[in-house]
Each structure stands twice: as structure tokens, then as C-alpha cells.
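**Student:** Got a structure for you, questions after.
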Amino acid sequence: MTEIIVKVIDWKESTVIEEVRKKVFQDEQKVKVELDFDGKDENCSQLIAYLNKEAVGTARIRYLDEKTAKIERLAVLSQARGKGIGKKIMQKALEIIESQNIPEVMIHAQEYIKGLHQQLGFEQVGEVFQEAGIAHVKMVKKVKG
């Protein structure tokens with residue numbers, strides 16, 4: 001049986017987040033370390049996903065102001081992709097944001113995965129742009145808040 005659990009953890013408590021992001025962003029996608037680890041992690045809510053008790057995915061929630069949150073750094077290890085882990089991480093992030101009464105969520109989604117975010121109610125705003133050398137789209141979603 002496949003068990004997926006998504007938890008909020010403290011940035012200082014875990015090197016697991018760093019390991020997942022390093023494998024996905026730096027090793028696979030060749031993103032520079034200073035672009036990924038931008039000094040904002042300590043002020044974000046951190047999520048970690050476990051597949052059968054193994055850490056395989058992560059994301060962070062950054063609160064831009066009282067009305068807008070941004071979900072960033074969504075990463076799932078290659079061996080765990082295609083199992084719905086990214087979607088579960090996003091759903092958990094959206095639950096947390098809604099519980100904080102934040103009415104709007106924004107993401108900069110890698111273009112190839114925008115379909116996942118559309119399934120969750122996000123809508124593309126504007127044109128494709130480059131971020132860290134990768135095609136992205138800005139997407140927004142209104143939550144109950």
C-alpha cells in the first residue's frame with residue numbers, strides 16, 4: 001500500500017528539505033544554489049511529503065502580504081513522480097493558506113507542469129517567462145479566505 005503524508009516542519013529542524021531541493025533543482029535542473037536557497041526559507045511555512053515514510057517532496061509557503069501567499073520551491077524526487085505527490089503537497093499548502101484567511105495564492109509554475117495547477121483551480125496570468133533559465137508561468141487562485 002502506498003502511503004503519502006504531507007507535514008509542515010520547521011526549516012531549522014530538517015536537512016531533508018535541502019536534500020530534496022538540491023537533487024531536483026541543482027542536480028537535475030541545473031539551478032544555481034543561490035537562486036534556490038535565497039535566504040527566505042526561515043520566514044516560510046515548509047512542507048515535506050513522505051512516500052512510505054521516505055521524504056520525497058517539498059514546497060514552501062511565503063506570505064507576501066495579508067492578502068497574498070506564494071507557493072514556491074515545489075519539488076518531487078524523480079523516483080516518486082507520477083504518484084500524485086505534487087498535487088498532495090499543493091492541496092496541503094492551499095489548506096494552510098485558506099486557514100490563514102489569505103484570499104489569493106500565487107505561483108510561478110514551471111510551464112510543463114501548469115496542468116497540475118489548473119486541476120487545482122489556478123489560472124495563468126500573463127505570458128511565459130524565464131526564471132532560473134526555465135520556462136515559467138504566473139498563476140493565481142482565489143481561495144475562500
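As shown in the C-alpha cells, the chain order sets the letters A, B, ...; within each chain, residues go from 1, and ligands are also counted from 1 in the order they appear.
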Got a sec: who's within 12 Å of Ser99 of chain A, counting only C-alpha atoms, leaving out chain neighbours fewer than 4 positions off, as a PyMOL selection string?
**Tutor:** chain A and resi 69+92-95+103+143-145
**Student:** Please return, as an MDAnalysis selection string, all residues of segment 54-117 of chain A that DSSP assigns to strand (DSSP E or B) on the basis of the backbone.
**Tutor:** chainID A and resid 54:63 68:76 104:110
**Student:** Residues of the last selection are to be written out with N, CA, C and O atoms, as a tab-separated table (two decimals), in the first residue's frame.
**Tutor:**
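Okay, selection-v3.tsv is ready:
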chain	number	residue	atom	x	y	z
A	54	GLU	N	9.44	7.77	3.47
A	54	GLU	CA	10.66	8.34	2.89
A	54	GLU	C	10.34	9.74	2.36
A	54	GLU	O	9.37	9.93	1.63
A	55	ALA	N	11.17	10.72	2.73
A	55	ALA	CA	10.96	12.10	2.27
A	55	ALA	C	11.22	12.17	0.77
A	55	ALA	O	12.32	11.84	0.31
A	56	VAL	N	10.20	12.61	0.01
A	56	VAL	CA	10.33	12.61	-1.45
A	56	VAL	C	9.91	13.93	-2.10
A	56	VAL	O	10.10	14.11	-3.30
A	57	GLY	N	9.32	14.85	-1.33
A	57	GLY	CA	8.86	16.09	-1.94
A	57	GLY	C	8.79	17.22	-0.94
A	57	GLY	O	8.75	16.99	0.27
A	58	THR	N	8.76	18.44	-1.46
A	58	THR	CA	8.73	19.61	-0.60
A	58	THR	C	8.15	20.81	-1.33
A	58	THR	O	8.05	20.83	-2.55
A	59	ALA	N	7.76	21.81	-0.57
A	59	ALA	CA	7.36	23.13	-1.06
A	59	ALA	C	7.41	24.07	0.13
A	59	ALA	O	7.49	23.65	1.28
A	60	ARG	N	7.34	25.37	-0.19
A	60	ARG	CA	7.26	26.35	0.88
A	60	ARG	C	6.16	27.34	0.56
A	60	ARG	O	5.79	27.55	-0.59
A	61	ILE	N	5.62	27.94	1.63
A	61	ILE	CA	4.61	28.98	1.50
A	61	ILE	C	5.22	30.27	2.04
A	61	ILE	O	5.68	30.33	3.18
A	62	ARG	N	5.22	31.29	1.18
A	62	ARG	CA	5.73	32.59	1.58
A	62	ARG	C	4.57	33.58	1.55
A	62	ARG	O	3.86	33.68	0.56
A	63	TYR	N	4.37	34.27	2.66
A	63	TYR	CA	3.28	35.24	2.76
A	63	TYR	C	3.80	36.60	2.29
A	63	TYR	O	4.67	37.19	2.92
A	68	THR	N	-2.05	37.95	0.10
A	68	THR	CA	-1.45	37.10	-0.93
A	68	THR	C	-0.37	36.20	-0.35
A	68	THR	O	0.53	36.66	0.35
A	69	ALA	N	-0.47	34.92	-0.69
A	69	ALA	CA	0.57	33.95	-0.36
A	69	ALA	C	1.13	33.40	-1.66
A	69	ALA	O	0.43	33.34	-2.68
A	70	LYS	N	2.37	32.98	-1.62
A	70	LYS	CA	3.01	32.41	-2.81
A	70	LYS	C	3.56	31.04	-2.44
A	70	LYS	O	4.32	30.91	-1.47
A	71	ILE	N	3.16	30.02	-3.19
A	71	ILE	CA	3.71	28.68	-3.00
A	71	ILE	C	4.92	28.57	-3.92
A	71	ILE	O	4.83	28.84	-5.11
A	72	GLU	N	6.04	28.18	-3.33
A	72	GLU	CA	7.30	28.15	-4.06
A	72	GLU	C	8.05	26.86	-3.79
A	72	GLU	O	7.76	26.14	-2.85
A	73	ARG	N	9.04	26.61	-4.62
A	73	ARG	CA	10.00	25.52	-4.45
A	73	ARG	C	9.34	24.14	-4.38
A	73	ARG	O	9.79	23.26	-3.67
A	74	LEU	N	8.27	23.96	-5.15
A	74	LEU	CA	7.64	22.64	-5.23
A	74	LEU	C	8.61	21.71	-5.94
A	74	LEU	O	9.03	21.97	-7.06
A	75	ALA	N	8.98	20.63	-5.26
A	75	ALA	CA	9.94	19.68	-5.81
A	75	ALA	C	9.57	18.27	-5.37
A	75	ALA	O	9.27	18.04	-4.20
A	76	VAL	N	9.60	17.34	-6.31
A	76	VAL	CA	9.38	15.92	-6.02
A	76	VAL	C	10.52	15.14	-6.65
A	76	VAL	O	10.86	15.35	-7.83
A	104	GLU	N	-5.81	35.16	-1.74
A	104	GLU	CA	-5.23	34.86	-3.05
A	104	GLU	C	-3.90	34.14	-2.92
A	104	GLU	O	-3.09	34.45	-2.06
A	105	VAL	N	-3.72	33.15	-3.80
A	105	VAL	CA	-2.48	32.38	-3.85
A	105	VAL	C	-1.87	32.58	-5.23
A	105	VAL	O	-2.56	32.54	-6.24
A	106	MET	N	-0.57	32.76	-5.25
A	106	MET	CA	0.17	32.93	-6.50
A	106	MET	C	1.27	31.89	-6.57
A	106	MET	O	1.83	31.49	-5.55
A	107	ILE	N	1.57	31.47	-7.79
A	107	ILE	CA	2.71	30.59	-8.02
A	107	ILE	C	3.40	31.01	-9.31
A	107	ILE	O	2.79	31.63	-10.18
A	108	HIS	N	4.67	30.70	-9.41
A	108	HIS	CA	5.40	30.75	-10.66
A	108	HIS	C	5.66	29.29	-11.00
A	108	HIS	O	6.59	28.68	-10.48
A	109	ALA	N	4.79	28.73	-11.84
A	109	ALA	CA	4.85	27.30	-12.15
A	109	ALA	C	5.75	27.06	-13.35
A	109	ALA	O	5.71	27.81	-14.32
A	110	GLN	N	6.55	26.00	-13.27
A	110	GLN	CA	7.27	25.61	-14.47
A	110	GLN	C	6.22	25.26	-15.52
A	110	GLN	O	5.23	24.59	-15.22
**Student:** I'd like the neighbourhood of Lys7 of chain A as a PyMOL selection string, where a residue qualifies if any of its atoms comes within 9 Å (using only C-alpha atoms), though same-chain residues fewer than 4 positions away should be ignored.
**Tutor:** chain A and resi 46-50+89+92
**Student:** Just the selected residues (N, CA, C and O atoms), exported as a compact mmCIF listing (two decimals), in the first residue's frame, please.
**Tutor:**
# COMPACT_ATOMS: atom_id res chain seq x y z
N GLN A 46 7.17 25.52 5.75
CA GLN A 46 7.83 24.47 4.96
C GLN A 46 7.00 23.19 4.99
O GLN A 46 6.58 22.75 6.07
N LEU A 47 6.79 22.59 3.81
CA LEU A 47 6.06 21.33 3.73
C LEU A 47 7.00 20.25 3.23
O LEU A 47 7.86 20.49 2.37
N ILE A 48 6.82 19.06 3.77
CA ILE A 48 7.59 17.90 3.33
C ILE A 48 6.62 16.74 3.11
O ILE A 48 5.70 16.55 3.89
N ALA A 49 6.81 16.03 2.01
CA ALA A 49 5.96 14.89 1.68
C ALA A 49 6.76 13.61 1.86
O ALA A 49 7.91 13.51 1.43
N TYR A 50 6.09 12.65 2.46
CA TYR A 50 6.69 11.34 2.69
C TYR A 50 5.91 10.30 1.90
O TYR A 50 4.68 10.28 1.94
N ILE A 89 0.94 17.87 -2.05
CA ILE A 89 1.67 18.97 -1.43
C ILE A 89 0.91 20.27 -1.67
O ILE A 89 0.71 21.07 -0.76
N LYS A 92 -2.28 20.49 0.41
CA LYS A 92 -1.97 20.81 1.82
C LYS A 92 -1.61 22.29 1.96
O LYS A 92 -2.07 22.96 2.88
**Student:** Which of these residues is nearest to Asp65 of chain A, using only C-alpha atoms: A:Lys138, A:Asn52, A:Gly84, A:Asn101?
**Tutor:**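 Nearest to Asp65 of chain A: A:Asn101.
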**Student:** Figure out the distance between atom CA of Gln124 of chain A and atom CA of Val20 of chain A, please, to one decimal in Å.
**Tutor:**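 Separation of atom CA of Val20 of chain A and atom CA of Gln124 of chain A: 26.7 Å.
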**Student:** What does the structure give for the distance between atom CA of Lys30 of chain A and atom CA of Lys12 of chain A, in Å to one decimal?
**Tutor:**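 Distance reported for this atom pair: 24.8 Å.
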**Student:** If you run DSSP on the backbone, which residues of chain A are alpha helix (DSSP H), as a PyMOL selection string?
**Tutor:** chain A and resi 16-21+33-36+85-99+114-119
**Student:** Would you work out the distance separating atom CA of Val140 of chain A from atom CA of Lys40 of chain A, expressed in Å to one decimal?
**Tutor:**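 Answer for the atom CA of Val140 of chain A to atom CA of Lys40 of chain A separation: 20.9 Å.
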